[in-house]
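File shown: coords_15.json. Contents: JSON, C-alpha atoms and all ligand atoms.
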[["chain", "number", "residue", "atom", "x", "y", "z"],
["A", 22, "MET", "CA", -0.64, -12.98, -23.99],
["A", 23, "ARG", "CA", 0.42, -15.70, -21.58],
["A", 24, "SER", "CA", -2.30, -17.99, -20.24],
["A", 25, "VAL", "CA", -1.70, -18.61, -16.52],
["A", 26, "GLU", "CA", -3.34, -20.33, -13.54],
["A", 27, "PRO", "CA", -3.55, -18.78, -10.06],
["A", 28, "GLU", "CA", -1.26, -20.59, -7.63],
["A", 29, "VAL", "CA", -0.78, -20.50, -3.87],
["A", 30, "PHE", "CA", 2.55, -21.20, -2.13],
["A", 31, "LEU", "CA", 2.63, -21.40, 1.66],
["A", 32, "VAL", "CA", 6.07, -19.96, 2.42],
["A", 33, "ALA", "CA", 6.10, -19.36, 6.19],
["A", 34, "ARG", "CA", 4.45, -20.74, 9.30],
["A", 35, "PRO", "CA", 4.94, -20.26, 13.08],
["A", 36, "GLN", "CA", 7.82, -21.91, 14.89],
["A", 37, "LEU", "CA", 7.93, -22.11, 18.67],
["A", 38, "ASP", "CA", 10.96, -21.91, 20.93],
["A", 39, "TYR", "CA", 10.16, -24.76, 23.32],
["A", 40, "ASP", "CA", 13.15, -23.98, 25.57],
["A", 41, "GLN", "CA", 11.78, -20.53, 26.25],
["A", 42, "ILE", "CA", 8.30, -21.93, 26.76],
["A", 43, "ALA", "CA", 9.71, -24.45, 29.24],
["A", 44, "ALA", "CA", 11.57, -21.68, 31.07],
["A", 45, "TYR", "CA", 8.37, -19.68, 31.40],
["A", 46, "LEU", "CA", 6.36, -22.69, 32.50],
["A", 47, "ARG", "CA", 8.90, -23.47, 35.22],
["A", 48, "GLU", "CA", 8.29, -19.96, 36.53],
["A", 49, "VAL", "CA", 4.56, -20.53, 36.85],
["A", 50, "GLY", "CA", 4.52, -24.23, 37.73],
["A", 51, "GLY", "CA", 3.00, -25.33, 34.44],
["A", 52, "GLU", "CA", 5.69, -27.73, 33.15],
["A", 53, "SER", "CA", 3.24, -30.62, 33.05],
["A", 54, "TRP", "CA", 1.54, -29.04, 30.01],
["A", 55, "LEU", "CA", 4.71, -29.29, 27.95],
["A", 56, "GLU", "CA", 5.22, -32.88, 29.09],
["A", 57, "ARG", "CA", 1.68, -33.74, 27.96],
["A", 58, "LEU", "CA", 2.14, -32.24, 24.49],
["A", 59, "ASP", "CA", 2.67, -34.79, 21.77],
["A", 60, "ARG", "CA", 6.02, -33.69, 20.37],
["A", 61, "GLY", "CA", 6.04, -36.36, 17.67],
["A", 62, "ASP", "CA", 5.06, -36.18, 14.00],
["A", 63, "LEU", "CA", 1.67, -34.76, 14.82],
["A", 64, "ASP", "CA", 3.11, -31.84, 16.72],
["A", 65, "ILE", "CA", 1.89, -28.60, 15.15],
["A", 66, "ASP", "CA", 3.45, -25.37, 16.32],
["A", 67, "ALA", "CA", 0.52, -23.17, 15.26],
["A", 68, "GLN", "CA", -1.90, -25.26, 17.31],
["A", 69, "ASN", "CA", 0.50, -25.41, 20.25],
["A", 70, "LEU", "CA", 0.85, -21.63, 20.17],
["A", 71, "ALA", "CA", -2.92, -21.12, 20.21],
["A", 72, "GLU", "CA", -3.27, -23.60, 23.07],
["A", 73, "PHE", "CA", -0.38, -21.99, 24.96],
["A", 74, "ALA", "CA", -1.95, -18.52, 24.63],
["A", 75, "GLY", "CA", -5.35, -19.85, 25.70],
["A", 76, "ARG", "CA", -4.01, -21.66, 28.77],
["A", 77, "LEU", "CA", -2.01, -18.64, 29.86],
["A", 78, "CYS", "CA", -5.29, -16.70, 30.12],
["A", 79, "TYR", "CA", -6.64, -18.96, 32.92],
["A", 80, "ARG", "CA", -3.40, -20.59, 34.15],
["A", 81, "SER", "CA", -5.01, -23.83, 33.09],
["A", 82, "TRP", "CA", -1.74, -25.75, 32.69],
["A", 83, "ASP", "CA", -2.78, -28.06, 35.49],
["A", 84, "PRO", "CA", -5.85, -28.31, 37.76],
["A", 85, "GLY", "CA", -5.41, -26.31, 40.96],
["A", 86, "LEU", "CA", -2.74, -23.87, 39.75],
["A", 87, "ASN", "CA", -5.57, -21.39, 39.69],
["A", 88, "PRO", "CA", -7.99, -22.33, 42.51],
["A", 89, "ASN", "CA", -10.88, -21.34, 40.24],
["A", 90, "VAL", "CA", -9.86, -24.02, 37.73],
["A", 91, "THR", "CA", -10.44, -27.47, 39.18],
["A", 92, "ARG", "CA", -10.75, -29.38, 35.89],
["A", 93, "ILE", "CA", -8.96, -28.91, 32.59],
["A", 94, "ARG", "CA", -9.24, -30.36, 29.10],
["A", 95, "THR", "CA", -5.94, -32.18, 28.71],
["A", 96, "GLU", "CA", -6.22, -33.14, 25.01],
["A", 97, "GLN", "CA", -5.44, -30.50, 22.42],
["A", 98, "ASP", "CA", -8.28, -31.24, 19.99],
["A", 99, "PRO", "CA", -11.15, -30.70, 22.46],
["A", 100, "TYR", "CA", -9.30, -27.78, 24.00],
["A", 101, "LEU", "CA", -9.09, -25.98, 20.65],
["A", 102, "GLN", "CA", -12.65, -26.97, 19.72],
["A", 103, "ASN", "CA", -13.75, -25.21, 22.87],
["A", 104, "ILE", "CA", -11.74, -22.12, 21.90],
["A", 105, "LEU", "CA", -13.65, -22.05, 18.59],
["A", 106, "ALA", "CA", -17.02, -22.83, 20.16],
["A", 107, "SER", "CA", -16.66, -20.12, 22.78],
["A", 108, "ALA", "CA", -15.32, -17.59, 20.21],
["A", 109, "HIS", "CA", -12.16, -17.01, 22.24],
["A", 110, "GLY", "CA", -10.60, -16.13, 18.88],
["A", 111, "SER", "CA", -7.99, -13.63, 20.03],
["A", 112, "VAL", "CA", -5.65, -16.51, 20.91],
["A", 113, "LEU", "CA", -5.71, -17.51, 17.23],
["A", 114, "GLU", "CA", -4.21, -14.16, 16.25],
["A", 115, "HIS", "CA", -0.75, -15.18, 17.50],
["A", 116, "ALA", "CA", -0.22, -17.66, 14.68],
["A", 117, "SER", "CA", 0.31, -16.18, 11.22],
["A", 118, "PHE", "CA", 0.94, -17.88, 7.88],
["A", 119, "THR", "CA", 2.54, -16.31, 4.82],
["A", 120, "PHE", "CA", 1.49, -17.15, 1.27],
["A", 121, "VAL", "CA", 2.71, -16.18, -2.15],
["A", 122, "LEU", "CA", -0.35, -15.72, -4.33],
["A", 123, "HIS", "CA", 1.11, -16.14, -7.80],
["A", 124, "ASN", "CA", -0.58, -15.28, -11.08],
["A", 125, "ILE", "CA", -3.63, -13.76, -9.47],
["A", 126, "SER", "CA", -5.32, -10.81, -11.13],
["A", 127, "ARG", "CA", -5.63, -7.26, -9.99],
["A", 128, "VAL", "CA", -9.35, -8.02, -9.77],
["A", 129, "ALA", "CA", -8.64, -10.58, -7.06],
["A", 130, "THR", "CA", -5.93, -8.60, -5.25],
["A", 131, "HIS", "CA", -8.20, -5.56, -5.07],
["A", 132, "GLU", "CA", -10.82, -7.67, -3.33],
["A", 133, "LEU", "CA", -8.26, -9.37, -1.10],
["A", 134, "VAL", "CA", -6.87, -6.15, 0.35],
["A", 135, "ARG", "CA", -10.31, -5.20, 1.64],
["A", 136, "HIS", "CA", -9.61, -7.66, 4.47],
["A", 137, "ARG", "CA", -7.63, -5.55, 6.89],
["A", 138, "PRO", "CA", -7.23, -6.81, 10.48],
["A", 139, "GLY", "CA", -4.54, -9.46, 10.89],
["A", 140, "THR", "CA", -3.03, -9.16, 7.42],
["A", 141, "ALA", "CA", 0.17, -7.94, 5.77],
["A", 142, "VAL", "CA", 0.58, -7.34, 2.03],
["A", 143, "SER", "CA", 3.54, -6.82, -0.33],
["A", 144, "GLN", "CA", 2.37, -6.57, -3.92],
["A", 145, "GLU", "CA", 4.30, -6.61, -7.20],
["A", 146, "SER", "CA", 4.69, -3.02, -8.33],
["A", 147, "LEU", "CA", 3.35, -2.31, -11.79],
["A", 148, "ARG", "CA", 5.08, 1.06, -11.57],
["A", 149, "PHE", "CA", 8.27, -0.89, -12.28],
["A", 150, "VAL", "CA", 7.25, -4.01, -14.19],
["A", 151, "ARG", "CA", 6.61, -3.74, -17.95],
["A", 152, "LEU", "CA", 3.53, -5.38, -19.43],
["A", 153, "ALA", "CA", 4.56, -6.27, -22.97],
["A", 154, "ASP", "CA", 3.57, -9.90, -22.30],
["A", 155, "ILE", "CA", 0.29, -9.84, -20.37],
["A", 156, "PRO", "CA", -0.25, -12.88, -18.12],
["A", 157, "PHE", "CA", -3.97, -13.66, -17.97],
["A", 158, "TRP", "CA", -6.19, -16.30, -16.37],
["A", 159, "PHE", "CA", -9.19, -17.65, -18.26],
["A", 160, "PRO", "CA", -11.66, -19.83, -16.35],
["A", 161, "GLY", "CA", -12.39, -23.23, -17.90],
["A", 162, "TRP", "CA", -15.82, -22.20, -19.22],
["A", 163, "ALA", "CA", -14.27, -19.21, -21.06],
["A", 164, "LYS", "CA", -11.57, -21.39, -22.62],
["A", 165, "GLN", "CA", -14.26, -23.57, -24.14],
["A", 166, "ASP", "CA", -15.86, -20.59, -25.90],
["A", 167, "ALA", "CA", -13.84, -20.33, -29.13],
["A", 168, "ASP", "CA", -15.36, -17.02, -30.30],
["A", 169, "LEU", "CA", -14.78, -15.41, -26.92],
["A", 170, "MET", "CA", -11.17, -16.62, -26.77],
["A", 171, "LYS", "CA", -10.43, -15.39, -30.29],
["A", 172, "ARG", "CA", -11.66, -11.89, -29.56],
["A", 173, "ALA", "CA", -10.18, -11.76, -26.05],
["A", 174, "THR", "CA", -6.76, -12.88, -27.27],
["A", 175, "ALA", "CA", -6.80, -10.33, -30.11],
["A", 176, "LEU", "CA", -7.71, -7.56, -27.66],
["A", 177, "LEU", "CA", -4.92, -8.53, -25.25],
["A", 178, "GLU", "CA", -2.40, -8.72, -28.09],
["A", 179, "GLN", "CA", -3.43, -5.24, -29.19],
["A", 180, "MET", "CA", -2.83, -4.00, -25.64],
["A", 181, "GLU", "CA", 0.60, -5.62, -25.62],
["A", 182, "GLU", "CA", 1.43, -4.05, -28.94],
["A", 183, "PHE", "CA", 0.46, -0.65, -27.51],
["A", 184, "GLN", "CA", 2.72, -1.27, -24.50],
["A", 185, "ARG", "CA", 5.66, -2.01, -26.82],
["A", 186, "TRP", "CA", 4.83, 1.04, -28.93],
["A", 187, "MET", "CA", 4.78, 3.29, -25.85],
["A", 188, "ALA", "CA", 8.09, 1.88, -24.60],
["A", 189, "GLY", "CA", 9.66, 2.74, -27.97],
["A", 190, "HIS", "CA", 7.87, 6.09, -28.23],
["A", 191, "PHE", "CA", 9.13, 7.12, -24.77],
["A", 192, "GLY", "CA", 12.59, 5.75, -25.57],
["A", 193, "LEU", "CA", 12.65, 3.73, -22.35],
["A", 194, "ASP", "CA", 15.40, 1.41, -23.56],
["A", 195, "ASP", "CA", 17.61, 4.18, -24.93],
["A", 196, "GLU", "CA", 21.09, 4.63, -23.50],
["A", 197, "GLY", "CA", 21.20, 6.71, -20.32],
["A", 198, "VAL", "CA", 17.47, 6.93, -19.54],
["A", 199, "LYS", "CA", 17.18, 7.55, -15.80],
["A", 200, "PHE", "CA", 15.45, 4.97, -13.63],
["A", 201, "SER", "CA", 13.07, 7.64, -12.31],
["A", 202, "GLU", "CA", 11.99, 8.43, -15.88],
["A", 203, "LYS", "CA", 11.40, 4.72, -16.62],
["A", 204, "LYS", "CA", 9.34, 4.44, -13.45],
["A", 205, "HIS", "CA", 7.33, 7.54, -14.31],
["A", 206, "LYS", "CA", 6.45, 6.28, -17.80],
["A", 207, "THR", "CA", 5.95, 2.62, -16.81],
["A", 208, "SER", "CA", 3.54, 3.84, -14.16],
["A", 209, "PHE", "CA", 1.56, 5.66, -16.87],
["A", 210, "MET", "CA", 1.68, 2.69, -19.23],
["A", 211, "ARG", "CA", 0.09, 0.30, -16.70],
["A", 212, "ARG", "CA", -3.13, 2.29, -16.99],
["A", 213, "PHE", "CA", -3.63, 0.55, -20.32],
["A", 214, "ALA", "CA", -3.35, -2.94, -18.85],
["A", 215, "PRO", "CA", -6.55, -4.87, -18.13],
["A", 216, "ASP", "CA", -7.81, -5.36, -14.57],
["A", 217, "GLY", "CA", -7.41, -9.08, -15.23],
["A", 218, "VAL", "CA", -3.62, -8.86, -15.65],
["A", 219, "ALA", "CA", -2.07, -11.55, -13.47],
["A", 220, "THR", "CA", 0.35, -10.38, -10.86],
["A", 221, "GLY", "CA", 1.61, -11.55, -7.49],
["A", 222, "LEU", "CA", 1.77, -10.70, -3.86],
["A", 223, "VAL", "CA", 2.95, -11.92, -0.51],
["A", 224, "TRP", "CA", -0.01, -12.18, 1.85],
["A", 225, "THR", "CA", 0.24, -12.91, 5.54],
["A", 226, "ALA", "CA", -2.76, -13.57, 7.74],
["A", 227, "ASN", "CA", -3.33, -14.89, 11.22],
["A", 228, "ILE", "CA", -5.58, -17.87, 11.91],
["A", 229, "ARG", "CA", -8.53, -15.77, 13.01],
["A", 230, "THR", "CA", -8.38, -13.78, 9.77],
["A", 231, "LEU", "CA", -7.82, -16.93, 7.71],
["A", 232, "ARG", "CA", -10.96, -18.52, 9.14],
["A", 233, "HIS", "CA", -13.04, -15.47, 8.28],
["A", 234, "THR", "CA", -11.59, -14.91, 4.80],
["A", 235, "ILE", "CA", -11.83, -18.58, 3.78],
["A", 236, "GLU", "CA", -15.53, -18.46, 4.61],
["A", 237, "ALA", "CA", -16.20, -15.06, 2.99],
["A", 238, "ARG", "CA", -14.20, -15.65, -0.15],
["A", 239, "THR", "CA", -15.38, -19.16, -0.97],
["A", 240, "ASP", "CA", -19.00, -18.09, -0.63],
["A", 241, "GLN", "CA", -21.18, -18.78, -3.68],
["A", 242, "GLY", "CA", -21.57, -15.03, -4.14],
["A", 243, "ALA", "CA", -17.82, -14.36, -4.22],
["A", 244, "GLU", "CA", -15.92, -13.87, -7.49],
["A", 245, "GLU", "CA", -14.75, -17.08, -9.17],
["A", 246, "GLU", "CA", -11.00, -16.42, -9.13],
["A", 247, "ILE", "CA", -10.86, -15.46, -5.45],
["A", 248, "ARG", "CA", -13.05, -18.51, -4.66],
["A", 249, "LEU", "CA", -10.49, -20.68, -6.41],
["A", 250, "VAL", "CA", -7.59, -19.09, -4.51],
["A", 251, "PHE", "CA", -9.29, -19.34, -1.11],
["A", 252, "GLY", "CA", -10.28, -22.93, -1.79],
["A", 253, "LYS", "CA", -6.54, -23.64, -2.15],
["A", 254, "ILE", "CA", -5.76, -21.66, 1.00],
["A", 255, "GLY", "CA", -8.47, -23.61, 2.84],
["A", 256, "GLU", "CA", -6.96, -26.94, 1.76],
["A", 257, "LEU", "CA", -3.49, -25.85, 2.85],
["A", 258, "MET", "CA", -4.72, -24.65, 6.23],
["A", 259, "ARG", "CA", -6.76, -27.76, 6.90],
["A", 260, "ALA", "CA", -3.56, -29.78, 6.42],
["A", 261, "GLU", "CA", -1.47, -27.32, 8.48],
["A", 262, "ALA", "CA", -3.76, -27.03, 11.50],
["A", 263, "PRO", "CA", -6.56, -29.62, 11.37],
["A", 264, "ALA", "CA", -7.79, -28.84, 14.88],
["A", 265, "LEU", "CA", -8.41, -25.22, 13.85],
["A", 266, "PHE", "CA", -9.69, -25.74, 10.30],
["A", 267, "GLY", "CA", -11.33, -29.16, 10.55],
["A", 268, "ASP", "CA", -14.81, -27.82, 11.34],
["A", 269, "TYR", "CA", -15.60, -26.63, 7.79],
["A", 270, "THR", "CA", -18.08, -28.38, 5.57],
["A", 271, "VAL", "CA", -17.05, -27.98, 1.94],
["A", 272, "THR", "CA", -19.79, -28.17, -0.67],
["A", 273, "ASP", "CA", -19.17, -27.19, -4.31],
["A", 274, "GLY", "CA", -16.13, -25.16, -3.26],
["A", 275, "THR", "CA", -18.02, -23.28, -0.51],
["A", 276, "TRP", "CA", -16.41, -23.54, 2.93],
["A", 277, "VAL", "CA", -18.89, -23.19, 5.78],
["A", 278, "PRO", "CA", -17.43, -23.37, 9.30],
["A", 279, "ARG", "CA", -19.26, -24.88, 12.25],
["A", 280, "TRP", "CA", -18.19, -21.85, 14.30],
["A", 281, "ARG", "CA", -18.38, -18.49, 12.55],
["A", 282, "LYS", "CA", -16.49, -15.30, 13.33],
["A", 283, "VAL", "CA", -14.53, -16.74, 16.22],
["B", 1, "LIG", "C1", -19.49, -11.77, -1.95],
["B", 1, "LIG", "C2", -18.91, -10.42, -1.68],
["B", 1, "LIG", "C3", -19.34, -9.30, -2.39],
["B", 1, "LIG", "C4", -18.82, -8.03, -2.12],
["B", 1, "LIG", "N1", -19.25, -6.94, -2.86],
["B", 1, "LIG", "C5", -18.74, -5.71, -2.60],
["B", 1, "LIG", "C6", -19.17, -4.54, -3.33],
["B", 1, "LIG", "O1", -19.99, -4.63, -4.22],
["B", 1, "LIG", "N2", -18.61, -3.34, -3.02],
["B", 1, "LIG", "C7", -17.69, -3.20, -2.02],
["B", 1, "LIG", "O2", -17.23, -2.09, -1.76],
["B", 1, "LIG", "N3", -17.27, -4.28, -1.34],
["B", 1, "LIG", "C8", -17.77, -5.51, -1.58],
["B", 1, "LIG", "N4", -17.32, -6.59, -0.87],
["B", 1, "LIG", "C9", -16.29, -6.36, 0.17],
["B", 1, "LIG", "C10", -16.93, -6.33, 1.57],
["B", 1, "LIG", "O3", -17.84, -5.25, 1.72],
["B", 1, "LIG", "C11", -15.84, -6.20, 2.65],
["B", 1, "LIG", "O4", -15.20, -4.94, 2.57],
["B", 1, "LIG", "C12", -14.77, -7.24, 2.51],
["B", 1, "LIG", "O5", -15.33, -8.51, 2.29],
["B", 1, "LIG", "C13", -13.91, -7.26, 3.78],
["B", 1, "LIG", "O6", -14.55, -8.06, 4.76],
["B", 1, "LIG", "P1", -14.96, -7.56, 6.18],
["B", 1, "LIG", "O7", -15.85, -6.37, 6.11],
["B", 1, "LIG", "O8", -15.48, -8.74, 6.92],
["B", 1, "LIG", "O9", -13.65, -6.97, 6.82],
["B", 1, "LIG", "P2", -12.27, -7.57, 7.30],
["B", 1, "LIG", "O10", -11.30, -6.49, 7.05],
["B", 1, "LIG", "O11", -12.01, -8.92, 6.75],
["B", 1, "LIG", "O12", -12.49, -7.64, 8.85],
["B", 1, "LIG", "C14", -12.91, -8.80, 9.56],
["B", 1, "LIG", "C15", -13.99, -8.42, 10.56],
["B", 1, "LIG", "O13", -13.46, -7.51, 11.50],
["B", 1, "LIG", "C16", -14.47, -6.54, 11.84],
["B", 1, "LIG", "N5", -14.04, -5.20, 11.38],
["B", 1, "LIG", "C17", -13.07, -4.95, 10.49],
["B", 1, "LIG", "N6", -12.91, -3.64, 10.33],
["B", 1, "LIG", "C18", -13.81, -3.06, 11.10],
["B", 1, "LIG", "C19", -14.16, -1.71, 11.35],
["B", 1, "LIG", "N7", -13.53, -0.70, 10.77],
["B", 1, "LIG", "N8", -15.16, -1.45, 12.21],
["B", 1, "LIG", "C20", -15.81, -2.47, 12.85],
["B", 1, "LIG", "N9", -15.54, -3.77, 12.65],
["B", 1, "LIG", "C21", -14.55, -4.05, 11.80],
["B", 1, "LIG", "C22", -15.74, -6.96, 11.13],
["B", 1, "LIG", "O14", -16.48, -7.83, 11.98],
["B", 1, "LIG", "C23", -15.20, -7.72, 9.94],
["B", 1, "LIG", "O15", -16.12, -8.64, 9.38],
["B", 1, "LIG", "C24", -17.82, -7.87, -1.13],
["B", 1, "LIG", "C25", -17.39, -9.00, -0.40],
["B", 1, "LIG", "C26", -17.91, -10.26, -0.66],
["B", 1, "LIG", "C27", -17.39, -11.46, 0.11]]
Conversion result in structure tokens:
Amino acid sequence: MRSVEPEVFLVARPQLDYDQIAAYLREVGGESWLERLDRGDLDIDAQNLAEFAGRLCYRSWDPGLNPNVTRIRTEQDPYLQNILASAHGSVLEHASFTFVLHNISRVATHELVRHRPGTAVSQESLRFVRLADIPFWFPGWAKQDADLMKRATALLEQMEEFQRWMAGHFGLDDEGVKFSEKKHKTSFMRRFAPDGVATGLVWTANIRTLRHTIEARTDQGAEEEIRLVFGKIGELMRAEAPALFGDYTVTDGTWVPRWRKV
């Protein structure tokens, strides 16, 4: 048994092609928007993409471009706050972020994949990966319970021993065993792994989905491991796009947004 901690790695974020944006804006007379954007250290492509998509809806690059729009919010922060407040959330779907969720259990991944719109998932296949050394997360309170840990560790070691026995019994490491046969038997063997076995996946979600899942999965009623993972995702996103994740109040690990279900 290998004691592990769930970890979150943010591995991909949106990147804009400002030359193409400029070319488009020249077409519609909206170049002034790009000139106004702060392209310094604080420039955040995900926020710029959301703002770009929002402004395209009303041609609100500049007052007067659309005769119905006589005033515009020029600063990004209030502009995006208004997007959230008015639940114009579809513009947030253009920006996606990709995470590796490492050492998270099948308990947590099973809950995670219930969130469908705006997500993409690639999960480690336990039809291929052997489980002779079971990675397992214990919450802090469990680690402090010596009797519990003794019994839990013994149980996991027995499961590992059974995995090794099956691998030998099926002759999986014998010369010439076909890959399809290994896959067939490894797939059977995983049935004897615990739901808490730690595994990994690549998870991509757009900003609208991230806002909803951070709220749902850090709720007091949510399971403790997924709360931990989504607390980390919340922290990462608040740093990545403060104008779109800065409205949460965080109390005891529960993230409550000012604007819900945008
Ligand atoms: C604390 C907690 C306890 C839970 N307990 C259980 C349980 O005991 N058993 C169980 O089965 N599940 C349970 N769940 C899972 C829950 O029922 C949802 O399936 C899961 O949280 C996905 O969230 P979502 O429904 O918001 O859908 P998401 O896929 O995240 O979709 C986001 C939003 O899009 C809209 N949407 C998505 N799909 C549709 C659709 N087909 N039709 C209409 N609108 C749609 C909804 O507004 C939805 O809220 C639990 C979840 C939480 C957070």
Would you tabulate, counting only C-alpha atoms, all residues of range 25-121 of chain A that have an atom at most 7 Å from an atom of range 246-265 of chain A, showing the closest pair of atoms and their distance in Å to one decimal, sorted by chain then ascending number, as a Markdown table?
| residue | atom | partner | partner_atom | distance |
| --- | --- | --- | --- | --- |
| A:Pro27 | CA | A:Val250 | CA | 6.9 |
| A:Val29 | CA | A:Lys253 | CA | 6.8 |
| A:Ile65 | CA | A:Ala262 | CA | 6.9 |
| A:Ala67 | CA | A:Ala262 | CA | 6.9 |
| A:Gln68 | CA | A:Ala262 | CA | 6.4 |
| A:Asp98 | CA | A:Ala264 | CA | 5.7 |
| A:Leu101 | CA | A:Ala264 | CA | 6.6 |
Would you mind exporting C-alpha atoms of the selected residues as a PDB file, keeping the file's coordinate frame?
ATOM      1  CA  PRO A  27      -3.550 -18.780 -10.060  1.00  0.00           C
ATOM      2  CA  VAL A  29      -0.780 -20.500  -3.870  1.00  0.00           C
ATOM      3  CA  ILE A  65       1.890 -28.600  15.150  1.00  0.00           C
ATOM      4  CA  ALA A  67       0.520 -23.170  15.260  1.00  0.00           C
ATOM      5  CA  GLN A  68      -1.900 -25.260  17.310  1.00  0.00           C
ATOM      6  CA  ASP A  98      -8.280 -31.240  19.990  1.00  0.00           C
ATOM      7  CA  LEU A 101      -9.090 -25.980  20.650  1.00  0.00           C
TER       8      LEU A 101
END
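Closest approach to Gln179 in chain A from the set A:Val198, A:Val142, A:Leu58, A:Ala214 is made by A:Ala214, with distances taken over only C-alpha atoms.
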Quick one: pull the distance between CA of Gly189 in chain A and CA of Leu176 in chain A, Å, one decimal.
20.2 Å
Close residues to ligand LIG 1 (chain B) using all atoms listed in the file, limit 6 Å, as a PDB file with C-alpha atoms, in the coordinates of the input:
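See part33.pdb below for the written result:
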ATOM      1  CA  ARG A 135     -10.310  -5.200   1.640  1.00  0.00           C
ATOM      2  CA  HIS A 136      -9.610  -7.660   4.470  1.00  0.00           C
ATOM      3  CA  ARG A 137      -7.630  -5.550   6.890  1.00  0.00           C
ATOM      4  CA  PRO A 138      -7.230  -6.810  10.480  1.00  0.00           C
ATOM      5  CA  ALA A 237     -16.200 -15.060   2.990  1.00  0.00           C
ATOM      6  CA  ARG A 238     -14.200 -15.650  -0.150  1.00  0.00           C
ATOM      7  CA  GLY A 242     -21.570 -15.030  -4.140  1.00  0.00           C
ATOM      8  CA  ALA A 243     -17.820 -14.360  -4.220  1.00  0.00           C
TER       9      ALA A 243
END
With all atoms listed in the file as the basis for distance, which of A:Ala33, A:Glu244, A:Phe73, A:Met22 is at the shortest distance from Leu46 in chain A?
A:Phe73
Show me as a VMD selection string the residues that reach within 10 Å of (3.4, -0.2, -24.9), counting all atoms listed in the file and using the file's own coordinates.
chain A and resid 151 to 153 179 to 191 207 210 to 211 213 to 214
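Here the question is which of A:Pro35, A:Gly51, A:Gly192, A:Pro88 gets nearest to Phe118 in chain A using only C-alpha atoms, and that residue is A:Pro35.
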Which residue, A:Trp54, A:Phe120, A:Phe149, A:Phe266, has the smallest gap to Thr225 in chain A when you use all atoms listed in the file?
A:Phe120
Restricting to all atoms listed in the file, whichever of A:Leu77, A:Ile93, A:Ile104, A:Leu222 is closest to Thr130 in chain A is A:Leu222
Atom pair CA of Ser208 in chain A + CA of Leu177 in chain A, distance 18.6 Å
Applying 8 Å and all atoms listed in the file, which residues near range 230-232 of chain A remain after dropping the ones on its own chain fewer than 3 positions away? List them as an mmCIF file with C-alpha atoms, in the frame of the given file.
data_model
loop_
_atom_site.group_PDB
_atom_site.id
_atom_site.type_symbol
_atom_site.label_atom_id
_atom_site.label_comp_id
_atom_site.auth_asym_id
_atom_site.auth_seq_id
_atom_site.Cartn_x
_atom_site.Cartn_y
_atom_site.Cartn_z
ATOM 1 C CA GLU A 114 -4.210 -14.160 16.250
ATOM 2 C CA PRO A 138 -7.230 -6.810 10.480
ATOM 3 C CA GLY A 139 -4.540 -9.460 10.890
ATOM 4 C CA THR A 140 -3.030 -9.160 7.420
ATOM 5 C CA ALA A 226 -2.760 -13.570 7.740
ATOM 6 C CA ASN A 227 -3.330 -14.890 11.220
ATOM 7 C CA ILE A 235 -11.830 -18.580 3.780
ATOM 8 C CA GLU A 236 -15.530 -18.460 4.610
ATOM 9 C CA PHE A 266 -9.690 -25.740 10.300
ATOM 10 C CA LYS A 282 -16.490 -15.300 13.330
#
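For the pair CA of Val25 in chain A and CA of Met170 in chain A, the interatomic distance is 14.1 Å.
The smallest atom-to-atom distance between His123 in chain A and any of A:Glu145, A:Glu28, A:Asp268, A:Asp240, using all atoms listed in the file, is found for A:Glu28.
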Contacts of Arg23 in chain A within 7 Å, all atoms listed in the file, excl. fewer than 6 positions in-chain, as a PyMOL selection string
chain A and resi 154-157
